[in-house]
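Next comes upload-v2.txt, with compact mmCIF, C-alpha atoms.
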```
# COMPACT_ATOMS: atom_id res chain seq x y z
CA MET H 1236 25.17 62.92 -66.95
CA LYS H 1237 24.32 63.17 -70.64
CA PRO H 1238 26.58 61.35 -73.11
CA HIS H 1239 29.31 63.48 -74.69
CA PRO H 1240 28.88 64.27 -78.41
CA ARG H 1241 32.20 62.61 -79.26
CA ASP H 1242 30.90 59.34 -77.78
CA ILE H 1243 27.65 59.45 -79.73
CA LEU H 1244 28.51 60.98 -83.10
CA LEU H 1245 30.66 58.15 -84.40
CA GLY H 1246 31.33 56.69 -87.83
CA ALA H 1247 33.31 59.30 -89.78
CA GLN H 1248 36.30 57.91 -91.65
CA ALA H 1249 37.84 61.36 -91.72
CA GLY H 1250 38.17 63.30 -88.52
CA ALA H 1251 39.22 60.30 -86.46
CA LEU H 1252 42.43 62.17 -85.67
CA VAL H 1253 42.50 65.84 -84.66
CA LEU H 1254 45.69 67.91 -84.95
CA PRO H 1255 46.29 71.67 -84.73
CA VAL H 1256 45.38 73.27 -88.06
CA CYS H 1257 48.78 74.96 -88.44
CA ASP H 1258 52.21 73.29 -88.57
CA HIS H 1259 54.93 75.92 -88.21
CA TYR H 1260 58.39 75.08 -89.60
CA SER H 1261 61.63 76.65 -88.42
CA GLY H 1262 65.24 75.65 -88.97
CA VAL H 1263 67.41 78.66 -88.07
CA PRO H 1264 68.55 78.37 -84.44
CA ALA H 1265 67.29 81.77 -83.25
CA ARG H 1266 63.96 81.30 -85.04
CA MET H 1267 63.49 77.83 -83.64
CA LYS H 1268 63.72 79.22 -80.12
CA LYS H 1269 61.33 82.07 -80.93
CA SER H 1270 58.87 79.65 -82.50
CA LEU H 1271 58.65 77.64 -79.30
CA GLN H 1272 58.25 80.82 -77.28
CA LEU H 1273 55.48 82.01 -79.60
CA GLN H 1274 53.69 78.67 -79.32
CA ALA H 1275 53.62 78.98 -75.53
CA GLU H 1276 52.36 82.57 -75.74
CA MET H 1277 49.56 81.74 -78.18
CA THR H 1278 48.55 78.67 -76.19
CA ALA H 1279 48.04 80.95 -73.20
CA GLU H 1280 46.19 83.45 -75.38
CA PHE H 1281 43.71 80.99 -76.87
CA GLY H 1282 43.45 78.40 -74.14
CA THR H 1283 44.55 75.59 -76.46
CA CYS H 1284 47.59 74.83 -78.62
CA VAL H 1285 46.71 76.26 -82.03
CA PHE H 1286 49.86 75.27 -83.93
CA ASP H 1287 52.59 72.66 -83.87
CA VAL H 1288 56.26 73.62 -84.08
CA THR H 1289 58.40 71.45 -86.35
CA LEU H 1290 62.14 71.98 -86.03
CA ASP H 1291 63.79 71.44 -89.39
CA CYS H 1292 66.89 69.37 -89.99
CA GLU H 1293 66.38 68.86 -93.73
CA ASP H 1294 66.49 72.47 -94.95
CA GLY H 1295 67.69 73.98 -91.68
CA ALA H 1296 71.01 72.13 -91.38
CA PRO H 1297 74.01 73.56 -93.25
CA VAL H 1298 75.75 71.12 -95.57
CA GLY H 1299 78.49 69.45 -93.56
CA GLY H 1300 76.95 70.57 -90.26
CA GLU H 1301 74.12 68.07 -90.08
CA ALA H 1302 75.33 66.37 -86.89
CA GLU H 1303 75.77 69.65 -85.01
CA HIS H 1304 72.34 70.86 -86.13
CA ALA H 1305 70.69 67.62 -84.99
CA ALA H 1306 72.32 67.97 -81.57
CA LEU H 1307 71.01 71.55 -81.30
CA VAL H 1308 67.50 70.41 -82.23
CA ALA H 1309 67.61 67.68 -79.59
CA GLU H 1310 68.67 70.26 -77.00
CA LEU H 1311 65.79 72.57 -77.96
CA VAL H 1312 63.29 69.73 -77.62
CA THR H 1313 64.68 69.05 -74.15
CA GLN H 1314 64.32 72.71 -73.15
CA ALA H 1315 60.74 73.04 -74.43
CA GLY H 1316 57.93 73.20 -71.91
CA ALA H 1317 56.14 70.00 -70.92
CA SER H 1318 52.97 71.08 -72.77
CA ALA H 1319 54.76 72.03 -76.01
CA ARG H 1320 53.71 70.31 -79.21
CA ILE H 1321 57.04 69.88 -80.94
CA ALA H 1322 58.14 67.73 -83.86
CA VAL H 1323 61.25 67.39 -86.03
CA ARG H 1324 61.76 67.01 -89.76
CA VAL H 1325 64.78 64.79 -90.42
CA HIS H 1326 66.58 64.14 -93.69
CA ALA H 1327 65.13 61.74 -96.25
CA VAL H 1328 65.70 58.03 -95.64
CA ASP H 1329 68.29 57.82 -98.45
CA HIS H 1330 70.32 60.77 -97.13
CA PRO H 1331 73.59 59.97 -95.32
CA ALA H 1332 72.45 61.98 -92.29
CA PHE H 1333 69.11 60.19 -91.81
CA GLU H 1334 70.26 57.51 -89.37
CA SER H 1335 72.31 60.03 -87.41
CA ASP H 1336 69.34 62.41 -87.21
CA VAL H 1337 67.12 59.69 -85.82
CA ASN H 1338 69.68 58.41 -83.35
CA THR H 1339 70.61 61.87 -82.05
CA ILE H 1340 67.09 63.28 -81.83
CA VAL H 1341 64.60 60.45 -81.51
CA GLY H 1342 66.99 58.26 -79.53
CA ASN H 1343 67.39 60.98 -76.90
CA VAL H 1344 64.21 63.07 -76.88
CA GLY H 1345 61.66 61.02 -78.83
CA ARG H 1346 59.39 60.83 -75.79
CA ARG H 1347 59.07 64.63 -75.80
CA MET H 1348 58.03 64.79 -79.46
CA THR H 1349 54.53 64.67 -80.93
CA HIS H 1350 55.72 63.11 -84.20
CA LEU H 1351 58.57 62.80 -86.69
CA MET H 1352 58.28 64.32 -90.18
CA VAL H 1353 59.94 62.22 -92.88
CA PRO H 1354 60.39 63.90 -96.28
CA LYS H 1355 60.54 62.41 -99.77
CA VAL H 1356 58.71 59.18 -99.02
CA ASP H 1357 57.82 57.70 -102.42
CA THR H 1358 56.89 54.13 -101.50
CA LEU H 1359 55.96 51.85 -98.63
CA ALA H 1360 59.56 50.60 -98.76
CA ASP H 1361 60.78 54.11 -97.92
CA LEU H 1362 58.31 54.28 -95.05
CA ALA H 1363 59.47 50.90 -93.78
CA VAL H 1364 63.04 52.23 -93.54
CA ALA H 1365 61.82 55.11 -91.38
CA VAL H 1366 59.72 52.88 -89.15
CA ALA H 1367 62.63 50.48 -88.61
CA ALA H 1368 64.96 53.35 -87.69
CA LEU H 1369 62.48 54.70 -85.13
CA ASP H 1370 62.01 51.24 -83.65
CA ARG H 1371 65.76 50.78 -83.29
CA ALA H 1372 65.91 54.15 -81.53
CA GLY H 1373 63.36 52.95 -79.00
CA ALA H 1374 60.45 55.04 -80.35
CA GLN H 1375 58.05 52.29 -81.36
CA ALA H 1376 55.03 54.47 -80.57
CA LEU H 1377 56.19 57.75 -82.12
CA PRO H 1378 53.80 58.77 -84.95
CA ILE H 1379 55.16 59.59 -88.39
CA HIS H 1380 54.15 62.42 -90.71
CA VAL H 1381 55.08 62.01 -94.36
CA LEU H 1382 55.88 64.49 -97.11
CA ILE H 1383 54.38 63.59 -100.51
CA GLU H 1384 56.66 65.26 -103.04
CA SER H 1385 56.67 63.33 -106.32
CA PRO H 1386 54.31 61.75 -108.88
CA LEU H 1387 55.25 58.31 -107.56
CA ALA H 1388 54.46 59.37 -104.01
CA VAL H 1389 51.04 60.63 -105.11
CA ARG H 1390 50.45 57.27 -106.82
CA ASN H 1391 51.24 55.49 -103.54
CA ALA H 1392 49.59 58.02 -101.21
CA PHE H 1393 46.65 55.77 -100.32
CA ASP H 1394 48.88 52.91 -99.18
CA ILE H 1395 51.18 55.27 -97.30
CA ALA H 1396 48.24 56.90 -95.52
CA ALA H 1397 46.90 53.47 -94.55
CA HIS H 1398 50.05 52.63 -92.56
CA PRO H 1399 49.21 52.51 -88.83
CA ARG H 1400 52.23 54.63 -87.83
CA VAL H 1401 51.28 57.49 -90.18
CA GLN H 1402 49.21 60.34 -88.74
CA SER H 1403 49.36 62.88 -91.55
CA LEU H 1404 50.45 63.46 -95.13
CA SER H 1405 51.80 66.83 -96.26
CA PHE H 1406 51.95 67.97 -99.86
CA GLY H 1407 55.38 69.25 -100.95
CA LEU H 1408 54.57 71.70 -103.73
CA MET H 1409 58.00 72.84 -104.87
CA ASP H 1410 59.49 69.36 -105.03
CA PHE H 1411 56.38 68.02 -106.75
CA VAL H 1412 56.59 70.65 -109.49
CA SER H 1413 60.33 70.26 -110.00
CA ALA H 1414 59.99 66.46 -110.02
CA HIS H 1415 58.21 66.82 -113.37
CA GLY H 1416 61.40 67.92 -115.15
CA GLY H 1417 60.01 71.19 -116.48
CA ALA H 1418 56.67 69.75 -117.61
CA ILE H 1419 54.87 71.97 -115.06
CA PRO H 1420 55.61 75.73 -115.28
CA GLY H 1421 57.20 77.53 -112.37
CA GLU H 1422 54.12 79.68 -111.84
CA ALA H 1423 52.44 76.57 -110.42
CA MET H 1424 54.61 77.08 -107.32
CA SER H 1425 53.04 80.49 -106.58
CA SER H 1426 50.29 81.08 -104.04
CA ALA H 1427 47.66 81.47 -106.78
CA GLY H 1428 49.14 79.30 -109.54
CA GLN H 1429 49.18 76.16 -107.40
CA PHE H 1430 45.38 76.13 -107.53
CA ASN H 1431 45.22 76.37 -111.33
CA HIS H 1432 47.49 73.73 -112.81
CA PRO H 1433 45.55 70.46 -113.34
CA LEU H 1434 48.38 68.12 -112.33
CA VAL H 1435 49.00 70.00 -109.08
CA VAL H 1436 45.31 70.22 -108.19
CA ARG H 1437 44.78 66.54 -109.01
CA ALA H 1438 47.71 65.54 -106.80
CA LYS H 1439 46.42 67.63 -103.91
CA LEU H 1440 42.95 66.13 -104.20
CA GLU H 1441 44.21 62.55 -104.37
CA MET H 1442 46.44 63.07 -101.36
CA ALA H 1443 43.64 64.66 -99.34
CA GLU H 1444 41.24 61.85 -100.16
CA ALA H 1445 43.86 59.23 -99.28
CA CYS H 1446 44.06 60.81 -95.84
CA HIS H 1447 40.31 61.09 -95.33
CA ALA H 1448 39.75 57.48 -96.39
CA ASN H 1449 42.19 56.32 -93.72
CA GLY H 1450 41.29 58.69 -90.91
CA LYS H 1451 44.51 60.68 -91.29
CA VAL H 1452 45.13 64.44 -91.54
CA PRO H 1453 45.90 66.10 -94.92
CA SER H 1454 48.28 69.04 -94.53
CA HIS H 1455 48.53 71.68 -97.25
CA CYS H 1456 51.78 73.06 -98.62
CA VAL H 1457 53.55 76.32 -97.95
CA VAL H 1458 52.98 79.76 -99.42
CA THR H 1459 56.42 81.15 -100.17
CA GLU H 1460 55.22 84.77 -100.35
CA PHE H 1461 55.47 84.85 -96.58
CA ALA H 1462 55.11 88.64 -96.20
CA ASP H 1463 51.83 88.69 -98.14
CA THR H 1464 49.34 87.75 -95.44
CA GLN H 1465 46.39 88.16 -97.80
CA ALA H 1466 47.91 85.63 -100.20
CA VAL H 1467 48.49 83.24 -97.31
CA GLN H 1468 44.92 83.53 -96.09
CA ALA H 1469 43.48 83.20 -99.61
CA ALA H 1470 45.48 80.01 -100.22
CA ALA H 1471 44.51 78.61 -96.83
CA GLN H 1472 40.83 79.31 -97.46
CA ARG H 1473 40.94 77.52 -100.81
CA ALA H 1474 42.81 74.58 -99.31
CA ALA H 1475 40.22 74.28 -96.52
CA ARG H 1476 37.03 75.09 -98.41
CA GLU H 1477 37.75 73.60 -101.85
CA LEU H 1478 40.33 70.84 -101.47
CA GLY H 1479 39.42 69.27 -98.14
CA TYR H 1480 42.60 70.09 -96.19
CA THR H 1481 42.42 70.37 -92.41
CA ARG H 1482 45.96 71.53 -91.71
CA MET H 1483 48.57 73.74 -93.39
CA TRP H 1484 52.26 74.59 -93.17
CA SER H 1485 53.57 77.93 -91.98
CA ILE H 1486 57.14 79.04 -92.70
CA HIS H 1487 57.02 82.46 -91.02
CA PRO H 1488 55.32 83.68 -87.82
CA GLN H 1489 53.29 86.17 -89.88
CA GLN H 1490 51.55 83.24 -91.59
CA ILE H 1491 50.17 81.59 -88.44
CA ARG H 1492 47.24 83.90 -87.72
CA PRO H 1493 46.02 84.04 -91.34
CA ILE H 1494 46.05 80.24 -91.45
CA LEU H 1495 44.10 80.02 -88.18
CA SER H 1496 41.59 82.53 -89.49
CA ALA H 1497 41.14 80.71 -92.81
CA PHE H 1498 40.64 77.29 -91.25
CA ALA H 1499 38.30 78.56 -88.53
CA PRO H 1500 34.52 78.36 -88.98
CA THR H 1501 32.61 81.61 -89.11
CA GLU H 1502 30.74 83.03 -86.12
CA THR H 1503 27.45 82.08 -87.81
CA GLU H 1504 28.64 78.52 -88.41
CA VAL H 1505 29.67 78.19 -84.75
CA GLU H 1506 26.34 79.54 -83.49
CA THR H 1507 24.33 77.27 -85.79
CA ALA H 1508 26.42 74.23 -84.89
CA THR H 1509 25.99 74.90 -81.17
CA ARG H 1510 22.21 75.12 -81.49
CA ILE H 1511 21.93 71.97 -83.61
CA VAL H 1512 24.20 69.84 -81.43
CA GLY H 1513 22.46 71.14 -78.31
CA ALA H 1514 19.02 70.36 -79.69
CA ALA H 1515 20.16 66.85 -80.66
CA ALA H 1516 21.53 66.29 -77.16
CA ASP H 1517 18.23 67.40 -75.65
CA ALA H 1518 16.46 64.92 -77.94
CA ASP H 1519 18.74 62.09 -76.76
CA TRP H 1520 20.43 62.19 -80.18
CA GLY H 1521 17.30 61.34 -82.13
CA PRO H 1522 16.26 63.23 -85.32
CA ILE H 1523 15.43 66.91 -84.81
CA SER H 1524 13.95 69.77 -86.81
CA PHE H 1525 15.94 73.00 -86.98
CA GLN H 1526 14.73 76.00 -88.99
CA GLY H 1527 12.55 73.76 -91.11
CA GLN H 1528 15.25 71.19 -91.87
CA LEU H 1529 15.59 67.63 -90.62
CA HIS H 1530 18.84 66.71 -88.89
CA ASP H 1531 19.86 63.18 -87.93
CA ARG H 1532 23.16 61.95 -86.54
CA ALA H 1533 24.95 62.31 -89.88
CA SER H 1534 24.36 66.07 -90.14
CA VAL H 1535 24.66 66.58 -86.37
CA ARG H 1536 28.07 64.92 -86.59
CA TYR H 1537 29.13 67.51 -89.18
CA HIS H 1538 28.09 70.35 -86.88
CA TRP H 1539 30.00 68.77 -83.99
CA GLN H 1540 33.06 68.76 -86.25
CA VAL H 1541 32.52 72.50 -86.82
CA LEU H 1542 32.73 73.04 -83.07
CA VAL H 1543 35.87 70.92 -82.81
CA ARG H 1544 37.51 73.01 -85.52
CA ALA H 1545 36.44 76.22 -83.77
CA HIS H 1546 38.12 74.99 -80.59
CA GLN H 1547 41.25 73.99 -82.54
CA THR H 1548 41.58 77.49 -83.98
CA GLY H 1549 40.96 79.36 -80.73
CA ARG H 1550 37.57 80.73 -81.76
CA ALA H 1551 35.08 81.96 -79.17
CA LEU H 1552 32.50 79.33 -78.27
CA PRO H 1553 29.05 79.95 -76.79
CA PRO H 1554 28.92 78.98 -73.08
CA GLU H 1555 26.86 75.87 -73.77
CA ALA H 1556 29.49 74.65 -76.27
CA VAL H 1557 32.45 75.40 -73.97
CA ALA H 1558 31.08 72.79 -71.59
CA TRP H 1559 31.69 70.07 -74.19
CA PHE H 1560 35.44 70.75 -74.15
CA ASP H 1561 38.10 70.63 -71.46
CA PRO H 1562 36.78 72.82 -68.62
CA GLY H 1563 40.28 74.25 -68.27
CA CYS H 1564 40.23 75.55 -71.83
CA LYS H 1565 38.69 78.97 -72.38
CA PRO H 1566 38.85 79.68 -76.12
CA ARG H 1567 38.99 83.34 -77.06
CA PRO H 1568 38.41 85.03 -80.42
CA LEU H 1569 41.33 86.22 -82.50
CA ALA H 1570 41.70 89.87 -81.63
CA SER H 1571 42.77 90.53 -85.21
CA PRO H 1572 43.05 87.52 -87.53
CA LEU H 1573 45.54 89.24 -89.81
CA GLN H 1574 47.53 90.93 -87.07
CA GLU H 1575 51.19 90.50 -87.84
CA THR H 1576 53.35 88.67 -85.34
CA ASN H 1577 56.69 90.47 -85.43
CA ARG H 1578 59.01 87.89 -83.93
```
Mind turning the file's structure into structure tokens?
Amino acid sequence: MKPHPRDILLGAQAGALVLPVCDHYSGVPARMKKSLQLQAEMTAEFGTCVFDVTLDCEDGAPVGGEAEHAALVAELVTQAGASARIAVRVHAVDHPAFESDVNTIVGNVGRRMTHLMVPKVDTLADLAVAVAALDRAGAQALPIHVLIESPLAVRNAFDIAAHPRVQSLSFGLMDFVSAHGGAIPGEAMSSAGQFNHPLVVRAKLEMAEACHANGKVPSHCVVTEFADTQAVQAAAQRAARELGYTRMWSIHPQQIRPILSAFAPTETEVETATRIVGAAADADWGPISFQGQLHDRASVRYHWQVLVRAHQTGRALPPEAVAWFDPGCKPRPLASPLQETNR
């Protein structure tokens, strides 16, 4: 049996960890249930889980009803299917409800969760508080995702990303802009404006590079114009193609398919990658010539990563590429990338 590409094409700092390209947030009880149902439906449609569901306690819980909301979230995690990829965003570590969130949710259903999202982490000391709380709740192995939402957090992003419990950093656009006390105009929070203001773009780039240097996943911020699917897809394409992001938040079901489409490689890229990786495999992973260009393991590794991303986003793979993935997975093309999901 020939060696598998993932066992041969080693050495990338980035890409060591692969997560679904979309992270869908929901905090309203009815929408949380529908989000989990939609995840199961789209997993069946594409043959692989194409987005995570993160149940939200920070913005989803009504003031004064934090304990009740946490109990509901724990119940929903329990009811989710065994194959569900489900996470929870708790309150910030300095919020009175943080410990209760962790105890109620992680202490009871942590084993069913893919990770815990912790917002407003500015320093390693904040992260240490979260890690200690998870350990006390008996979830010593539960990965942590971190929201980078302030200038100080951006300054410390490299150290935060280097922590062994951290899987991913997410950029919190609205909090980052407002943390500047009016020094950044409000238009920088829009789908287009967030790619124009120098401080915002610099922060996004530094956070992304902190992730890549440590083998973690950079996750791009939300687009608040949730009904404008073209704006969502345009922002996702810029995040993926210009800023180096490999994952993005969704806050409405209509945003999921545009994000998948934007982060997916093109049909031409998939076909080229399949031919190059296949030729390298046939050459026992030595240098090859393809269409007049030399390819060694460094460039072949890139094309393998294209195929991994195609599989993550449910894209159709040529038969020879399908064999490199789980035989039980049969990726299918998006019938209509911008088709609205009315749920």
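Using all atoms listed in the file, the smallest distance between any of H:Ser1413, H:Thr1349, H:Ser1385, H:Thr1358 and H:Val1328 comes from H:Thr1358.
Atom pair atom CA of H:Gln1272 / atom CA of H:His1350: separated by 19.2 Å.
Here the question is which of H:Ile1486, H:Ala1327, H:Leu1408, H:Ala1427 gets nearest to H:Ala1469 using all atoms listed in the file, and that residue is H:Ala1427.
Near H:Phe1461, within a cut-off of 9 Å and counting all atoms listed in the file, sit the residues Val1457, Val1458, Thr1459, Asp1463, Thr1464, Ala1466, Val1467, Ser1485, Ile1486, His1487, Pro1488, Gln1489 and Gln1490 of chain H, with same-chain residues fewer than 2 positions away left out.
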- For H:Asp1291, list every protein, DNA or RNA residue within 12 Å, evaluated using all atoms listed in the file, and leave out those in the same chain fewer than 4 positions away; present the list as a ChimeraX atom specification. /H:1258-1264,1266-1267,1270,1295-1297,1301,1304-1305,1307-1309,1311-1312,1321-1327,1336,1340,1351-1354,1486
- Message: Residues within 12 Å of H:Phe1411, please, as a PyMOL selection string. Count all atoms listed in the file; anything in the same chain fewer than 3 positions from it doesn't count.
- Response: chain H and resi 1354-1357+1382-1389+1405-1408+1414-1421+1423-1424+1429+1434-1439+1456
- One decimal place gives the atom CA of H:Leu1440-atom CA of H:Pro1453 separation as 9.7 Å
- Message: Neighbouring residues of H:Thr1501 were defined as those with any atom within 12 Å, considering only C-alpha atoms; residues of the same chain fewer than 2 positions away were excluded. Please report them as number ranges by chain.
- Response: H: 1472, 1495-1499, 1503-1508, 1541-1542, 1544-1545, 1548, 1550-1552, 1568-1569
Selection export as a PDB file, keeping the file's coordinate frame, atoms kept: C-alpha atoms:
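Okay, this is what ended up in part.pdb:
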```pdb
ATOM      1  CA  GLN H1472      40.830  79.310 -97.460  1.00  0.00           C
ATOM      2  CA  LEU H1495      44.100  80.020 -88.180  1.00  0.00           C
ATOM      3  CA  SER H1496      41.590  82.530 -89.490  1.00  0.00           C
ATOM      4  CA  ALA H1497      41.140  80.710 -92.810  1.00  0.00           C
ATOM      5  CA  PHE H1498      40.640  77.290 -91.250  1.00  0.00           C
ATOM      6  CA  ALA H1499      38.300  78.560 -88.530  1.00  0.00           C
ATOM      7  CA  THR H1503      27.450  82.080 -87.810  1.00  0.00           C
ATOM      8  CA  GLU H1504      28.640  78.520 -88.410  1.00  0.00           C
ATOM      9  CA  VAL H1505      29.670  78.190 -84.750  1.00  0.00           C
ATOM     10  CA  GLU H1506      26.340  79.540 -83.490  1.00  0.00           C
ATOM     11  CA  THR H1507      24.330  77.270 -85.790  1.00  0.00           C
ATOM     12  CA  ALA H1508      26.420  74.230 -84.890  1.00  0.00           C
ATOM     13  CA  VAL H1541      32.520  72.500 -86.820  1.00  0.00           C
ATOM     14  CA  LEU H1542      32.730  73.040 -83.070  1.00  0.00           C
ATOM     15  CA  ARG H1544      37.510  73.010 -85.520  1.00  0.00           C
ATOM     16  CA  ALA H1545      36.440  76.220 -83.770  1.00  0.00           C
ATOM     17  CA  THR H1548      41.580  77.490 -83.980  1.00  0.00           C
ATOM     18  CA  ARG H1550      37.570  80.730 -81.760  1.00  0.00           C
ATOM     19  CA  ALA H1551      35.080  81.960 -79.170  1.00  0.00           C
ATOM     20  CA  LEU H1552      32.500  79.330 -78.270  1.00  0.00           C
ATOM     21  CA  PRO H1568      38.410  85.030 -80.420  1.00  0.00           C
ATOM     22  CA  LEU H1569      41.330  86.220 -82.500  1.00  0.00           C
TER      23      LEU H1569
END
```
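Residues in contact with H:Ala1474 at 10 Å, where all atoms listed in the file are counted and same-chain residues fewer than 3 positions away are skipped, are listed as Phe1430, Lys1439, Leu1440, Ala1443, Ser1454, His1455, Cys1456, Gln1468, Ala1469, Ala1470, Ala1471, Glu1477, Leu1478, Gly1479, Tyr1480, Thr1481, Arg1482, Met1483, Ala1497 and Phe1498 of chain H.
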Centre and edge lengths of an axis-aligned box around all listed atoms of stretch 1467-1477 of chain H, with 3 Å added on each side, are to be given in Å to one decimal, as AutoDock Vina command-line options.
```
--center_x 42.8 --center_y 78.6 --center_z -99.0 --size_x 17.5 --size_y 15.9 --size_z 11.8
```
Answer as an mmCIF file with C-alpha atoms, in the coordinates of the input, residues within 12 Å of (55.9, 63.9, -78.6) using only C-alpha atoms:
```cif
data_model
loop_
_atom_site.group_PDB
_atom_site.id
_atom_site.type_symbol
_atom_site.label_atom_id
_atom_site.label_comp_id
_atom_site.auth_asym_id
_atom_site.auth_seq_id
_atom_site.Cartn_x
_atom_site.Cartn_y
_atom_site.Cartn_z
ATOM 1 C CA ASP H 1287 52.590 72.660 -83.870
ATOM 2 C CA VAL H 1288 56.260 73.620 -84.080
ATOM 3 C CA THR H 1289 58.400 71.450 -86.350
ATOM 4 C CA VAL H 1312 63.290 69.730 -77.620
ATOM 5 C CA THR H 1313 64.680 69.050 -74.150
ATOM 6 C CA ALA H 1315 60.740 73.040 -74.430
ATOM 7 C CA GLY H 1316 57.930 73.200 -71.910
ATOM 8 C CA ALA H 1317 56.140 70.000 -70.920
ATOM 9 C CA SER H 1318 52.970 71.080 -72.770
ATOM 10 C CA ALA H 1319 54.760 72.030 -76.010
ATOM 11 C CA ARG H 1320 53.710 70.310 -79.210
ATOM 12 C CA ILE H 1321 57.040 69.880 -80.940
ATOM 13 C CA ALA H 1322 58.140 67.730 -83.860
ATOM 14 C CA VAL H 1323 61.250 67.390 -86.030
ATOM 15 C CA ILE H 1340 67.090 63.280 -81.830
ATOM 16 C CA VAL H 1341 64.600 60.450 -81.510
ATOM 17 C CA ASN H 1343 67.390 60.980 -76.900
ATOM 18 C CA VAL H 1344 64.210 63.070 -76.880
ATOM 19 C CA GLY H 1345 61.660 61.020 -78.830
ATOM 20 C CA ARG H 1346 59.390 60.830 -75.790
ATOM 21 C CA ARG H 1347 59.070 64.630 -75.800
ATOM 22 C CA MET H 1348 58.030 64.790 -79.460
ATOM 23 C CA THR H 1349 54.530 64.670 -80.930
ATOM 24 C CA HIS H 1350 55.720 63.110 -84.200
ATOM 25 C CA LEU H 1351 58.570 62.800 -86.690
ATOM 26 C CA MET H 1352 58.280 64.320 -90.180
ATOM 27 C CA ALA H 1374 60.450 55.040 -80.350
ATOM 28 C CA ALA H 1376 55.030 54.470 -80.570
ATOM 29 C CA LEU H 1377 56.190 57.750 -82.120
ATOM 30 C CA PRO H 1378 53.800 58.770 -84.950
ATOM 31 C CA ILE H 1379 55.160 59.590 -88.390
#
```
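As for atom CA of H:Phe1333 and atom CA of H:Val1364, they are spaced 10.2 Å apart.
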Which protein, DNA or RNA residues have an atom at most 12 Å from (26.7, 59.5, -84.7), counting only C-alpha atoms? List them as a tab-separated table (two decimals) with C-alpha atoms, in the coordinates of the input.
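Full text of out_23.tsv as output:
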```
chain	number	residue	atom	x	y	z
H	1238	PRO	CA	26.58	61.35	-73.11
H	1239	HIS	CA	29.31	63.48	-74.69
H	1240	PRO	CA	28.88	64.27	-78.41
H	1241	ARG	CA	32.20	62.61	-79.26
H	1242	ASP	CA	30.90	59.34	-77.78
H	1243	ILE	CA	27.65	59.45	-79.73
H	1244	LEU	CA	28.51	60.98	-83.10
H	1245	LEU	CA	30.66	58.15	-84.40
H	1246	GLY	CA	31.33	56.69	-87.83
H	1247	ALA	CA	33.31	59.30	-89.78
H	1248	GLN	CA	36.30	57.91	-91.65
H	1512	VAL	CA	24.20	69.84	-81.43
H	1515	ALA	CA	20.16	66.85	-80.66
H	1516	ALA	CA	21.53	66.29	-77.16
H	1519	ASP	CA	18.74	62.09	-76.76
H	1520	TRP	CA	20.43	62.19	-80.18
H	1521	GLY	CA	17.30	61.34	-82.13
H	1522	PRO	CA	16.26	63.23	-85.32
H	1530	HIS	CA	18.84	66.71	-88.89
H	1531	ASP	CA	19.86	63.18	-87.93
H	1532	ARG	CA	23.16	61.95	-86.54
H	1533	ALA	CA	24.95	62.31	-89.88
H	1534	SER	CA	24.36	66.07	-90.14
H	1535	VAL	CA	24.66	66.58	-86.37
H	1536	ARG	CA	28.07	64.92	-86.59
H	1537	TYR	CA	29.13	67.51	-89.18
H	1538	HIS	CA	28.09	70.35	-86.88
H	1539	TRP	CA	30.00	68.77	-83.99
H	1540	GLN	CA	33.06	68.76	-86.25
```
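Between H:Glu1460 and the residues H:Ser1426, H:Lys1237, H:Met1409, H:Glu1502, the shortest atom-to-atom distance, using all atoms listed in the file, involves H:Ser1426.
Shortest atom-to-atom contact with H:Leu1529 among H:Ala1367, H:Ala1302, H:Val1412, H:Ala1514: H:Ala1514, counting all atoms listed in the file.
When only C-alpha atoms are used to measure the gap to H:Ala1445, the shortest distance among H:Phe1393, H:Arg1476, H:Ile1491, H:Ala1462 belongs to H:Phe1393.
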